[in-house]
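Enquirer: Structure provided below as structure tokens; questions to follow.
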Amino acid sequence: MNSRMLDLNTLSLPDLYEELTRSGLAHRLFSLARDEDLVCYATGVETDLTSELYIDEDSETTAMLRSRGAGVVAGLAAAPELLSVFTTECEFLGIASDGDTIEAGAALGEVSGPTRQVLRTERALLNLVSRLSGVATFTNRFVRAIEATGADAMLYDTRKTTPGLRILEKYAVRCGGGMCHRIGLHDAVMIKDNHLAGVELEGLADRIAAAARRALDAEGGVRFVEVEVDSLAQFEQVLRVEAELIDIVMLDNMAPDSMREAVRLRDEAGSEIQLEASGGVTLESVDTIAKTGVDRISVGSITQSAPALDIGLDIE
């Protein structure tokens, strides 16, 4: 009973990156990025036509990775492995660190090696660091909006991520000051509305308790058990479940007044369940939600709608 997996949010950024990428998913992504840029779909031949025609084979260079906008950096930890997939002849020297707040014009790192090889990696490197830094920057705007209220609520991501980029986008959320929710369907139990469809209100507590017990008895454990509710009536049923079986209750698309009432009911019951607000949260509404007393706020847009941070790679 009570078998728990590692809490990713207790890890430092370097340790988090190592933990998230040890499955090899990032390496597979980088290989796909290489193939889509360099491998001709018609012939299967790997080439950078322009560089091979224009750049001398023995030319060497150093290129500076530089931000053209202000924001929060993310993705530099991935640069060495990304480069290694494209070429064995280039080196990356980090100047900034993931999680740094930077101004426009800041130097982030250097790529050095044969000019042809530097150029073949350019777009993939920029795409990755620009995307992840954009996620970190947008996340940080939400984090600062919550902090300005003085509330203790923490910002969490969701599974609304770019296909193939999830582990890296979740890493970027941490770089921006947010927290990782479940990574996928495999590491936490989250009982949502579609799981509960057809279950009568009176039987809700028993069904949830049975599922939670099975989850906590499972080999390998889970990071947490969470239940989604969309009404205070459902929430009151969940409060009847044994305290140690449920970690989090998601208050889905509830109005702030209902969230405050859920907080009151939870506290009145002496429960330690964390309450998570979710559904349609924006920069304009997150402060109001934070003030309701919820513990967590999950926001899909920090990964789904974050604009890229403008970053360039300039040969010096």
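The way I read the labels, and the way they are meant: chains A, B, ... in the order of the structure tokens, residue 1 as the first residue of every chain, and ligand 1 as the first ligand shown, with later ones counted on from there.
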Excluding same-chain residues fewer than 5 positions from A:Ser298, what lies within 6 Å of it counting only C-alpha atoms, as a PDB file with N, CA and C atoms, in the first residue's frame?
Expert:
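Final output, around_3.pdb:
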```
ATOM      1  N   LEU A 155       1.834  26.589  -9.855  1.00  0.00           N
ATOM      2  CA  LEU A 155       1.409  26.403 -11.243  1.00  0.00           C
ATOM      3  C   LEU A 155       1.872  25.046 -11.759  1.00  0.00           C
ATOM      4  N   TYR A 156       0.965  24.312 -12.405  1.00  0.00           N
ATOM      5  CA  TYR A 156       1.287  23.003 -12.974  1.00  0.00           C
ATOM      6  C   TYR A 156       0.957  22.968 -14.462  1.00  0.00           C
ATOM      7  N   ASP A 157       1.706  22.137 -15.181  1.00  0.00           N
ATOM      8  CA  ASP A 157       1.428  21.932 -16.604  1.00  0.00           C
ATOM      9  C   ASP A 157       0.354  20.858 -16.778  1.00  0.00           C
ATOM     10  N   SER A 278      -8.571  23.947 -12.503  1.00  0.00           N
ATOM     11  CA  SER A 278      -8.206  23.705 -13.894  1.00  0.00           C
ATOM     12  C   SER A 278      -9.376  24.067 -14.797  1.00  0.00           C
TER      13      SER A 278
END
```
Enquirer: Could you please write out, as a list in words, every residue of stretch 28-163 of chain A that DSSP assigns to strand (DSSP E or B)?
Expert: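 Strand (DSSP E or B) assignments inside stretch 28-163 of chain A correspond to Val39, Glu46, Glu60, Thr61, Thr62, Ala63, Met64, Leu65, Arg66, Ser67, Gly71, Val72, Glu91, Phe92, Leu93, Gly94, Thr101, Ile102, Ala107, Leu108, Gly109, Glu110, Val111, Ser112, Gly113, Pro114, Met154, Leu155 and Tyr156 of chain A.
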Enquirer: Please provide as a ChimeraX atom specification all residues within 8 Å of A:Ser67, with the sequence filter that same-chain residues fewer than 5 positions apart are discarded (counting only C-alpha atoms).
Expert: /A:103-108,309-312
Enquirer: Filtering to C-alpha atoms, could you give me those residues as a CSV table (one decimal), in the first residue's frame?
Expert:
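After the write, part.csv holds the following:
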```
chain,number,residue,atom,x,y,z
A,103,GLU,CA,17.5,40.3,-21.7
A,104,ALA,CA,17.5,40.7,-25.5
A,105,GLY,CA,21.0,40.3,-26.9
A,106,ALA,CA,22.2,37.8,-24.2
A,107,ALA,CA,24.7,35.2,-25.3
A,108,LEU,CA,23.4,31.7,-24.5
A,309,LEU,CA,11.4,33.2,-27.9
A,310,ASP,CA,13.4,34.7,-30.8
A,311,ILE,CA,16.9,33.2,-30.8
A,312,GLY,CA,19.6,33.3,-33.5
```
Enquirer: Excluding stretch 243-260 of chain A and residues on its chain fewer than 2 positions from it, collect all residues at most 6 Å away from it, counting only C-alpha atoms, and give them as a tab-separated table (two decimals) with N, CA and C atoms, in the first residue's frame.
Expert:
```tsv
chain	number	residue	atom	x	y	z
A	212	ALA	N	-8.48	3.53	-6.36
A	212	ALA	CA	-7.28	4.07	-5.72
A	212	ALA	C	-6.50	2.98	-4.99
A	225	VAL	N	-2.52	9.94	-6.87
A	225	VAL	CA	-3.89	9.61	-7.28
A	225	VAL	C	-4.71	10.89	-7.24
A	226	GLU	N	-5.35	11.21	-8.36
A	226	GLU	CA	-6.12	12.45	-8.47
A	226	GLU	C	-7.51	12.12	-9.01
A	227	VAL	N	-8.49	12.87	-8.54
A	227	VAL	CA	-9.87	12.70	-8.99
A	227	VAL	C	-10.38	14.05	-9.48
A	228	GLU	N	-11.02	14.05	-10.64
A	228	GLU	CA	-11.61	15.26	-11.19
A	228	GLU	C	-13.09	15.34	-10.82
A	229	VAL	N	-13.51	16.51	-10.34
A	229	VAL	CA	-14.93	16.74	-10.07
A	229	VAL	C	-15.34	18.05	-10.74
A	230	ASP	N	-16.61	18.15	-11.09
A	230	ASP	CA	-17.08	19.39	-11.70
A	230	ASP	C	-18.25	20.01	-10.94
A	262	ALA	N	-15.18	24.78	-1.89
A	262	ALA	CA	-14.47	23.50	-1.82
A	262	ALA	C	-13.32	23.57	-0.83
A	263	VAL	N	-12.60	24.67	-0.84
A	263	VAL	CA	-11.51	24.86	0.13
A	263	VAL	C	-12.07	24.83	1.55
A	273	ILE	N	-6.07	16.58	1.47
A	273	ILE	CA	-6.15	16.52	0.01
A	273	ILE	C	-5.82	17.89	-0.57
A	274	GLN	N	-4.99	17.89	-1.62
A	274	GLN	CA	-4.69	19.14	-2.31
A	274	GLN	C	-5.79	19.42	-3.34
A	275	LEU	N	-6.11	20.69	-3.50
A	275	LEU	CA	-7.13	21.10	-4.45
A	275	LEU	C	-6.48	21.79	-5.64
A	276	GLU	N	-6.85	21.32	-6.82
A	276	GLU	CA	-6.27	21.83	-8.07
A	276	GLU	C	-7.36	22.46	-8.93
A	277	ALA	N	-7.18	23.73	-9.26
A	277	ALA	CA	-8.09	24.41	-10.17
A	277	ALA	C	-7.62	24.19	-11.60
A	278	SER	N	-8.57	23.95	-12.50
A	278	SER	CA	-8.21	23.71	-13.89
A	278	SER	C	-9.38	24.07	-14.80
A	279	GLY	N	-9.04	24.41	-16.04
A	279	GLY	CA	-10.06	24.67	-17.03
A	279	GLY	C	-10.17	26.13	-17.40
A	292	THR	N	-8.46	32.04	-4.20
A	292	THR	CA	-9.52	31.21	-3.64
A	292	THR	C	-9.00	30.27	-2.56
```
Enquirer: List every residue of stretch 12-189 of chain A that DSSP, applied to the backbone of this structure, places in helix (DSSP H, G or I), and write the result as a PDB file with N, CA and C atoms, in the first residue's frame.
Expert:
```
ATOM      1  N   LEU A  13      17.100  21.144 -11.726  1.00  0.00           N
ATOM      2  CA  LEU A  13      16.918  21.117 -13.182  1.00  0.00           C
ATOM      3  C   LEU A  13      17.850  20.112 -13.866  1.00  0.00           C
ATOM      4  N   PRO A  14      19.142  20.062 -13.528  1.00  0.00           N
ATOM      5  CA  PRO A  14      19.997  19.050 -14.177  1.00  0.00           C
ATOM      6  C   PRO A  14      19.523  17.619 -13.910  1.00  0.00           C
ATOM      7  N   ASP A  15      19.123  17.345 -12.665  1.00  0.00           N
ATOM      8  CA  ASP A  15      18.656  15.998 -12.339  1.00  0.00           C
ATOM      9  C   ASP A  15      17.322  15.694 -13.018  1.00  0.00           C
ATOM     10  N   LEU A  16      16.469  16.705 -13.120  1.00  0.00           N
ATOM     11  CA  LEU A  16      15.189  16.518 -13.803  1.00  0.00           C
ATOM     12  C   LEU A  16      15.410  16.198 -15.273  1.00  0.00           C
ATOM     13  N   TYR A  17      16.311  16.926 -15.920  1.00  0.00           N
ATOM     14  CA  TYR A  17      16.576  16.659 -17.336  1.00  0.00           C
ATOM     15  C   TYR A  17      17.082  15.229 -17.520  1.00  0.00           C
ATOM     16  N   GLU A  18      17.978  14.805 -16.653  1.00  0.00           N
ATOM     17  CA  GLU A  18      18.508  13.437 -16.753  1.00  0.00           C
ATOM     18  C   GLU A  18      17.401  12.405 -16.554  1.00  0.00           C
ATOM     19  N   GLU A  19      16.535  12.636 -15.588  1.00  0.00           N
ATOM     20  CA  GLU A  19      15.455  11.692 -15.304  1.00  0.00           C
ATOM     21  C   GLU A  19      14.464  11.612 -16.466  1.00  0.00           C
ATOM     22  N   LEU A  20      14.108  12.762 -17.029  1.00  0.00           N
ATOM     23  CA  LEU A  20      13.115  12.783 -18.101  1.00  0.00           C
ATOM     24  C   LEU A  20      13.638  12.193 -19.406  1.00  0.00           C
ATOM     25  N   THR A  21      14.937  12.287 -19.635  1.00  0.00           N
ATOM     26  CA  THR A  21      15.489  11.872 -20.930  1.00  0.00           C
ATOM     27  C   THR A  21      16.119  10.484 -20.908  1.00  0.00           C
ATOM     28  N   LEU A  25      13.609   9.008 -25.255  1.00  0.00           N
ATOM     29  CA  LEU A  25      12.632   9.710 -26.089  1.00  0.00           C
ATOM     30  C   LEU A  25      13.235  10.945 -26.748  1.00  0.00           C
ATOM     31  N   ALA A  26      14.038  11.697 -26.004  1.00  0.00           N
ATOM     32  CA  ALA A  26      14.631  12.912 -26.575  1.00  0.00           C
ATOM     33  C   ALA A  26      15.579  12.556 -27.715  1.00  0.00           C
ATOM     34  N   HIS A  27      16.362  11.498 -27.534  1.00  0.00           N
ATOM     35  CA  HIS A  27      17.301  11.086 -28.582  1.00  0.00           C
ATOM     36  C   HIS A  27      16.545  10.707 -29.857  1.00  0.00           C
ATOM     37  N   ARG A  28      15.432  10.009 -29.703  1.00  0.00           N
ATOM     38  CA  ARG A  28      14.618   9.646 -30.870  1.00  0.00           C
ATOM     39  C   ARG A  28      14.063  10.882 -31.558  1.00  0.00           C
ATOM     40  N   LEU A  29      13.661  11.859 -30.766  1.00  0.00           N
ATOM     41  CA  LEU A  29      13.163  13.112 -31.336  1.00  0.00           C
ATOM     42  C   LEU A  29      14.252  13.818 -32.131  1.00  0.00           C
ATOM     43  N   PHE A  30      15.458  13.863 -31.573  1.00  0.00           N
ATOM     44  CA  PHE A  30      16.560  14.537 -32.261  1.00  0.00           C
ATOM     45  C   PHE A  30      16.911  13.810 -33.559  1.00  0.00           C
ATOM     46  N   SER A  31      16.804  12.498 -33.541  1.00  0.00           N
ATOM     47  CA  SER A  31      17.065  11.727 -34.758  1.00  0.00           C
ATOM     48  C   SER A  31      16.031  12.043 -35.837  1.00  0.00           C
ATOM     49  N   LEU A  32      14.783  12.189 -35.442  1.00  0.00           N
ATOM     50  CA  LEU A  32      13.742  12.571 -36.401  1.00  0.00           C
ATOM     51  C   LEU A  32      13.998  13.968 -36.958  1.00  0.00           C
ATOM     52  N   ALA A  33      14.441  14.877 -36.083  1.00  0.00           N
ATOM     53  CA  ALA A  33      14.741  16.241 -36.534  1.00  0.00           C
ATOM     54  C   ALA A  33      15.868  16.234 -37.561  1.00  0.00           C
ATOM     55  N   ARG A  34      16.867  15.394 -37.327  1.00  0.00           N
ATOM     56  CA  ARG A  34      17.969  15.261 -38.292  1.00  0.00           C
ATOM     57  C   ARG A  34      17.461  14.725 -39.622  1.00  0.00           C
ATOM     58  N   ASP A  35      16.672  13.673 -39.550  1.00  0.00           N
ATOM     59  CA  ASP A  35      16.214  13.038 -40.785  1.00  0.00           C
ATOM     60  C   ASP A  35      15.312  13.956 -41.606  1.00  0.00           C
ATOM     61  N   GLU A  36      14.444  14.721 -40.947  1.00  0.00           N
ATOM     62  CA  GLU A  36      13.533  15.568 -41.720  1.00  0.00           C
ATOM     63  C   GLU A  36      14.271  16.732 -42.379  1.00  0.00           C
ATOM     64  N   ASP A  37      15.436  17.116 -41.829  1.00  0.00           N
ATOM     65  CA  ASP A  37      16.184  18.234 -42.405  1.00  0.00           C
ATOM     66  C   ASP A  37      17.244  17.784 -43.405  1.00  0.00           C
ATOM     67  N   LEU A  38      17.825  16.601 -43.205  1.00  0.00           N
ATOM     68  CA  LEU A  38      19.007  16.214 -43.977  1.00  0.00           C
ATOM     69  C   LEU A  38      18.805  15.026 -44.910  1.00  0.00           C
ATOM     70  N   LEU A  49      22.686  20.470 -49.112  1.00  0.00           N
ATOM     71  CA  LEU A  49      23.120  20.837 -50.462  1.00  0.00           C
ATOM     72  C   LEU A  49      23.841  22.180 -50.503  1.00  0.00           C
ATOM     73  N   THR A  50      23.257  23.192 -49.889  1.00  0.00           N
ATOM     74  CA  THR A  50      23.814  24.540 -49.995  1.00  0.00           C
ATOM     75  C   THR A  50      25.187  24.622 -49.352  1.00  0.00           C
ATOM     76  N   SER A  51      25.325  24.105 -48.141  1.00  0.00           N
ATOM     77  CA  SER A  51      26.606  24.196 -47.441  1.00  0.00           C
ATOM     78  C   SER A  51      27.690  23.402 -48.159  1.00  0.00           C
ATOM     79  N   GLU A  52      27.339  22.233 -48.685  1.00  0.00           N
ATOM     80  CA  GLU A  52      28.340  21.418 -49.370  1.00  0.00           C
ATOM     81  C   GLU A  52      28.773  22.044 -50.692  1.00  0.00           C
ATOM     82  N   LEU A  53      27.882  22.819 -51.310  1.00  0.00           N
ATOM     83  CA  LEU A  53      28.240  23.499 -52.559  1.00  0.00           C
ATOM     84  C   LEU A  53      29.008  24.795 -52.318  1.00  0.00           C
ATOM     85  N   TYR A  54      28.732  25.459 -51.197  1.00  0.00           N
ATOM     86  CA  TYR A  54      29.232  26.818 -51.003  1.00  0.00           C
ATOM     87  C   TYR A  54      30.379  26.920 -50.001  1.00  0.00           C
ATOM     88  N   LEU A  76      18.987  24.451 -23.176  1.00  0.00           N
ATOM     89  CA  LEU A  76      20.442  24.370 -23.366  1.00  0.00           C
ATOM     90  C   LEU A  76      20.984  23.017 -22.923  1.00  0.00           C
ATOM     91  N   ALA A  77      20.328  22.398 -21.958  1.00  0.00           N
ATOM     92  CA  ALA A  77      20.769  21.074 -21.508  1.00  0.00           C
ATOM     93  C   ALA A  77      20.699  20.048 -22.624  1.00  0.00           C
ATOM     94  N   ALA A  78      19.813  20.280 -23.587  1.00  0.00           N
ATOM     95  CA  ALA A  78      19.632  19.336 -24.694  1.00  0.00           C
ATOM     96  C   ALA A  78      20.619  19.555 -25.826  1.00  0.00           C
ATOM     97  N   ALA A  79      21.288  20.703 -25.845  1.00  0.00           N
ATOM     98  CA  ALA A  79      22.128  21.059 -26.990  1.00  0.00           C
ATOM     99  C   ALA A  79      23.237  20.047 -27.279  1.00  0.00           C
ATOM    100  N   PRO A  80      24.007  19.590 -26.286  1.00  0.00           N
ATOM    101  CA  PRO A  80      25.078  18.638 -26.605  1.00  0.00           C
ATOM    102  C   PRO A  80      24.574  17.353 -27.261  1.00  0.00           C
ATOM    103  N   GLU A  81      23.491  16.788 -26.745  1.00  0.00           N
ATOM    104  CA  GLU A  81      22.973  15.545 -27.330  1.00  0.00           C
ATOM    105  C   GLU A  81      22.395  15.789 -28.715  1.00  0.00           C
ATOM    106  N   LEU A  82      21.700  16.910 -28.889  1.00  0.00           N
ATOM    107  CA  LEU A  82      21.166  17.244 -30.206  1.00  0.00           C
ATOM    108  C   LEU A  82      22.290  17.349 -31.225  1.00  0.00           C
ATOM    109  N   LEU A  83      23.353  18.064 -30.874  1.00  0.00           N
ATOM    110  CA  LEU A  83      24.479  18.210 -31.799  1.00  0.00           C
ATOM    111  C   LEU A  83      25.104  16.859 -32.122  1.00  0.00           C
ATOM    112  N   SER A  84      25.201  15.998 -31.111  1.00  0.00           N
ATOM    113  CA  SER A  84      25.853  14.702 -31.326  1.00  0.00           C
ATOM    114  C   SER A  84      25.081  13.827 -32.304  1.00  0.00           C
ATOM    115  N   VAL A  85      23.769  14.034 -32.391  1.00  0.00           N
ATOM    116  CA  VAL A  85      22.952  13.272 -33.341  1.00  0.00           C
ATOM    117  C   VAL A  85      23.190  13.757 -34.767  1.00  0.00           C
ATOM    118  N   PHE A  86      23.434  15.047 -34.922  1.00  0.00           N
ATOM    119  CA  PHE A  86      23.650  15.634 -36.243  1.00  0.00           C
ATOM    120  C   PHE A  86      25.091  15.471 -36.724  1.00  0.00           C
ATOM    121  N   THR A 115      32.545  24.380 -40.388  1.00  0.00           N
ATOM    122  CA  THR A 115      31.438  25.276 -40.732  1.00  0.00           C
ATOM    123  C   THR A 115      30.252  24.519 -41.323  1.00  0.00           C
ATOM    124  N   ARG A 116      30.531  23.552 -42.192  1.00  0.00           N
ATOM    125  CA  ARG A 116      29.433  22.775 -42.778  1.00  0.00           C
ATOM    126  C   ARG A 116      28.607  22.077 -41.698  1.00  0.00           C
ATOM    127  N   GLN A 117      29.299  21.543 -40.697  1.00  0.00           N
ATOM    128  CA  GLN A 117      28.610  20.800 -39.642  1.00  0.00           C
ATOM    129  C   GLN A 117      27.829  21.737 -38.726  1.00  0.00           C
ATOM    130  N   VAL A 118      28.385  22.906 -38.447  1.00  0.00           N
ATOM    131  CA  VAL A 118      27.671  23.895 -37.635  1.00  0.00           C
ATOM    132  C   VAL A 118      26.372  24.294 -38.328  1.00  0.00           C
ATOM    133  N   LEU A 119      26.450  24.524 -39.632  1.00  0.00           N
ATOM    134  CA  LEU A 119      25.276  24.978 -40.378  1.00  0.00           C
ATOM    135  C   LEU A 119      24.198  23.899 -40.482  1.00  0.00           C
ATOM    136  N   ARG A 120      24.603  22.639 -40.525  1.00  0.00           N
ATOM    137  CA  ARG A 120      23.595  21.578 -40.651  1.00  0.00           C
ATOM    138  C   ARG A 120      22.808  21.396 -39.350  1.00  0.00           C
ATOM    139  N   THR A 121      23.370  21.850 -38.238  1.00  0.00           N
ATOM    140  CA  THR A 121      22.669  21.735 -36.950  1.00  0.00           C
ATOM    141  C   THR A 121      21.863  22.982 -36.595  1.00  0.00           C
ATOM    142  N   GLU A 122      22.089  24.069 -37.336  1.00  0.00           N
ATOM    143  CA  GLU A 122      21.572  25.379 -36.922  1.00  0.00           C
ATOM    144  C   GLU A 122      20.066  25.389 -36.673  1.00  0.00           C
ATOM    145  N   ARG A 123      19.283  24.994 -37.651  1.00  0.00           N
ATOM    146  CA  ARG A 123      17.831  25.149 -37.536  1.00  0.00           C
ATOM    147  C   ARG A 123      17.242  24.271 -36.439  1.00  0.00           C
ATOM    148  N   ALA A 124      17.708  23.037 -36.336  1.00  0.00           N
ATOM    149  CA  ALA A 124      17.171  22.153 -35.296  1.00  0.00           C
ATOM    150  C   ALA A 124      17.475  22.704 -33.909  1.00  0.00           C
ATOM    151  N   LEU A 125      18.691  23.205 -33.721  1.00  0.00           N
ATOM    152  CA  LEU A 125      19.070  23.779 -32.429  1.00  0.00           C
ATOM    153  C   LEU A 125      18.212  24.998 -32.106  1.00  0.00           C
ATOM    154  N   LEU A 126      18.045  25.882 -33.086  1.00  0.00           N
ATOM    155  CA  LEU A 126      17.240  27.084 -32.861  1.00  0.00           C
ATOM    156  C   LEU A 126      15.775  26.736 -32.608  1.00  0.00           C
ATOM    157  N   ASN A 127      15.250  25.804 -33.385  1.00  0.00           N
ATOM    158  CA  ASN A 127      13.852  25.402 -33.178  1.00  0.00           C
ATOM    159  C   ASN A 127      13.624  24.913 -31.751  1.00  0.00           C
ATOM    160  N   LEU A 128      14.553  24.090 -31.273  1.00  0.00           N
ATOM    161  CA  LEU A 128      14.389  23.497 -29.949  1.00  0.00           C
ATOM    162  C   LEU A 128      14.503  24.541 -28.846  1.00  0.00           C
ATOM    163  N   VAL A 129      15.585  25.306 -28.862  1.00  0.00           N
ATOM    164  CA  VAL A 129      15.811  26.266 -27.779  1.00  0.00           C
ATOM    165  C   VAL A 129      14.785  27.398 -27.826  1.00  0.00           C
ATOM    166  N   SER A 130      14.397  27.829 -29.022  1.00  0.00           N
ATOM    167  CA  SER A 130      13.369  28.866 -29.142  1.00  0.00           C
ATOM    168  C   SER A 130      12.033  28.379 -28.588  1.00  0.00           C
ATOM    169  N   ARG A 131      11.651  27.164 -28.944  1.00  0.00           N
ATOM    170  CA  ARG A 131      10.385  26.600 -28.472  1.00  0.00           C
ATOM    171  C   ARG A 131      10.388  26.438 -26.956  1.00  0.00           C
ATOM    172  N   LEU A 132      11.424  25.812 -26.416  1.00  0.00           N
ATOM    173  CA  LEU A 132      11.453  25.539 -24.982  1.00  0.00           C
ATOM    174  C   LEU A 132      11.599  26.820 -24.171  1.00  0.00           C
ATOM    175  N   SER A 133      12.376  27.765 -24.671  1.00  0.00           N
ATOM    176  CA  SER A 133      12.505  29.049 -23.970  1.00  0.00           C
ATOM    177  C   SER A 133      11.189  29.820 -24.009  1.00  0.00           C
ATOM    178  N   GLY A 134      10.437  29.671 -25.093  1.00  0.00           N
ATOM    179  CA  GLY A 134       9.115  30.283 -25.158  1.00  0.00           C
ATOM    180  C   GLY A 134       8.181  29.714 -24.105  1.00  0.00           C
ATOM    181  N   VAL A 135       8.214  28.394 -23.927  1.00  0.00           N
ATOM    182  CA  VAL A 135       7.397  27.751 -22.896  1.00  0.00           C
ATOM    183  C   VAL A 135       7.816  28.235 -21.511  1.00  0.00           C
ATOM    184  N   ALA A 136       9.118  28.283 -21.260  1.00  0.00           N
ATOM    185  CA  ALA A 136       9.611  28.736 -19.958  1.00  0.00           C
ATOM    186  C   ALA A 136       9.213  30.182 -19.686  1.00  0.00           C
ATOM    187  N   THR A 137       9.304  31.016 -20.706  1.00  0.00           N
ATOM    188  CA  THR A 137       8.974  32.435 -20.555  1.00  0.00           C
ATOM    189  C   THR A 137       7.491  32.633 -20.270  1.00  0.00           C
ATOM    190  N   PHE A 138       6.637  31.932 -21.017  1.00  0.00           N
ATOM    191  CA  PHE A 138       5.191  32.060 -20.822  1.00  0.00           C
ATOM    192  C   PHE A 138       4.788  31.502 -19.461  1.00  0.00           C
ATOM    193  N   THR A 139       5.384  30.379 -19.079  1.00  0.00           N
ATOM    194  CA  THR A 139       5.142  29.808 -17.755  1.00  0.00           C
ATOM    195  C   THR A 139       5.472  30.815 -16.668  1.00  0.00           C
ATOM    196  N   ASN A 140       6.612  31.473 -16.816  1.00  0.00           N
ATOM    197  CA  ASN A 140       7.065  32.408 -15.794  1.00  0.00           C
ATOM    198  C   ASN A 140       6.114  33.590 -15.624  1.00  0.00           C
ATOM    199  N   ARG A 141       5.435  33.972 -16.685  1.00  0.00           N
ATOM    200  CA  ARG A 141       4.447  35.054 -16.576  1.00  0.00           C
ATOM    201  C   ARG A 141       3.299  34.631 -15.658  1.00  0.00           C
ATOM    202  N   PHE A 142       2.852  33.397 -15.786  1.00  0.00           N
ATOM    203  CA  PHE A 142       1.808  32.888 -14.899  1.00  0.00           C
ATOM    204  C   PHE A 142       2.319  32.782 -13.464  1.00  0.00           C
ATOM    205  N   VAL A 143       3.535  32.275 -13.310  1.00  0.00           N
ATOM    206  CA  VAL A 143       4.111  32.124 -11.969  1.00  0.00           C
ATOM    207  C   VAL A 143       4.183  33.472 -11.266  1.00  0.00           C
ATOM    208  N   ARG A 144       4.657  34.485 -11.978  1.00  0.00           N
ATOM    209  CA  ARG A 144       4.768  35.813 -11.373  1.00  0.00           C
ATOM    210  C   ARG A 144       3.396  36.405 -11.050  1.00  0.00           C
ATOM    211  N   ALA A 145       2.402  36.117 -11.883  1.00  0.00           N
ATOM    212  CA  ALA A 145       1.045  36.606 -11.604  1.00  0.00           C
ATOM    213  C   ALA A 145       0.490  35.984 -10.326  1.00  0.00           C
ATOM    214  N   ILE A 146       0.771  34.704 -10.109  1.00  0.00           N
ATOM    215  CA  ILE A 146       0.335  34.034  -8.878  1.00  0.00           C
ATOM    216  C   ILE A 146       1.089  34.591  -7.680  1.00  0.00           C
ATOM    217  N   GLU A 147       2.403  34.724  -7.810  1.00  0.00           N
ATOM    218  CA  GLU A 147       3.218  35.222  -6.699  1.00  0.00           C
ATOM    219  C   GLU A 147       2.802  36.624  -6.276  1.00  0.00           C
ATOM    220  N   ARG A 166       6.866  16.287 -25.363  1.00  0.00           N
ATOM    221  CA  ARG A 166       6.312  16.438 -24.017  1.00  0.00           C
ATOM    222  C   ARG A 166       7.361  16.524 -22.918  1.00  0.00           C
ATOM    223  N   ILE A 167       8.290  15.584 -22.880  1.00  0.00           N
ATOM    224  CA  ILE A 167       9.229  15.599 -21.759  1.00  0.00           C
ATOM    225  C   ILE A 167      10.073  16.869 -21.765  1.00  0.00           C
ATOM    226  N   LEU A 168      10.380  17.374 -22.948  1.00  0.00           N
ATOM    227  CA  LEU A 168      11.182  18.592 -23.033  1.00  0.00           C
ATOM    228  C   LEU A 168      10.350  19.825 -22.693  1.00  0.00           C
ATOM    229  N   GLU A 169       9.096  19.847 -23.092  1.00  0.00           N
ATOM    230  CA  GLU A 169       8.237  20.976 -22.735  1.00  0.00           C
ATOM    231  C   GLU A 169       7.951  20.990 -21.239  1.00  0.00           C
ATOM    232  N   LYS A 170       7.815  19.826 -20.631  1.00  0.00           N
ATOM    233  CA  LYS A 170       7.621  19.781 -19.185  1.00  0.00           C
ATOM    234  C   LYS A 170       8.890  20.225 -18.456  1.00  0.00           C
ATOM    235  N   TYR A 171      10.036  19.873 -18.988  1.00  0.00           N
ATOM    236  CA  TYR A 171      11.295  20.390 -18.439  1.00  0.00           C
ATOM    237  C   TYR A 171      11.315  21.913 -18.535  1.00  0.00           C
ATOM    238  N   ALA A 172      10.860  22.457 -19.659  1.00  0.00           N
ATOM    239  CA  ALA A 172      10.833  23.907 -19.849  1.00  0.00           C
ATOM    240  C   ALA A 172       9.896  24.584 -18.854  1.00  0.00           C
ATOM    241  N   VAL A 173       8.786  23.929 -18.527  1.00  0.00           N
ATOM    242  CA  VAL A 173       7.875  24.473 -17.513  1.00  0.00           C
ATOM    243  C   VAL A 173       8.603  24.640 -16.185  1.00  0.00           C
ATOM    244  N   ARG A 174       9.386  23.636 -15.804  1.00  0.00           N
ATOM    245  CA  ARG A 174      10.161  23.742 -14.567  1.00  0.00           C
ATOM    246  C   ARG A 174      11.193  24.864 -14.662  1.00  0.00           C
ATOM    247  N   CYS A 175      11.787  25.039 -15.832  1.00  0.00           N
ATOM    248  CA  CYS A 175      12.748  26.135 -16.014  1.00  0.00           C
ATOM    249  C   CYS A 175      12.081  27.487 -15.777  1.00  0.00           C
TER     250      CYS A 175
END
```
Enquirer: Quick check, in Å to one decimal: how far apart do atom CA of A:Val222 and atom CA of A:His181 lie?
Expert: 12.4 Å
Enquirer: How far is it from atom CA of A:Glu202 to atom CA of A:Ala215, in Å with one decimal?
Expert: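 Computing it gives 21.9 Å between the two atoms.
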Enquirer: List the spatial neighbours of stretch 158-160 of chain A as a PyMOL selection string - criterion: any atom at most 8 Å away, only C-alpha atoms, same-chain residues fewer than 2 positions off excluded.
Expert: chain A and resi 156+162+166+180-184+298-301+303-304
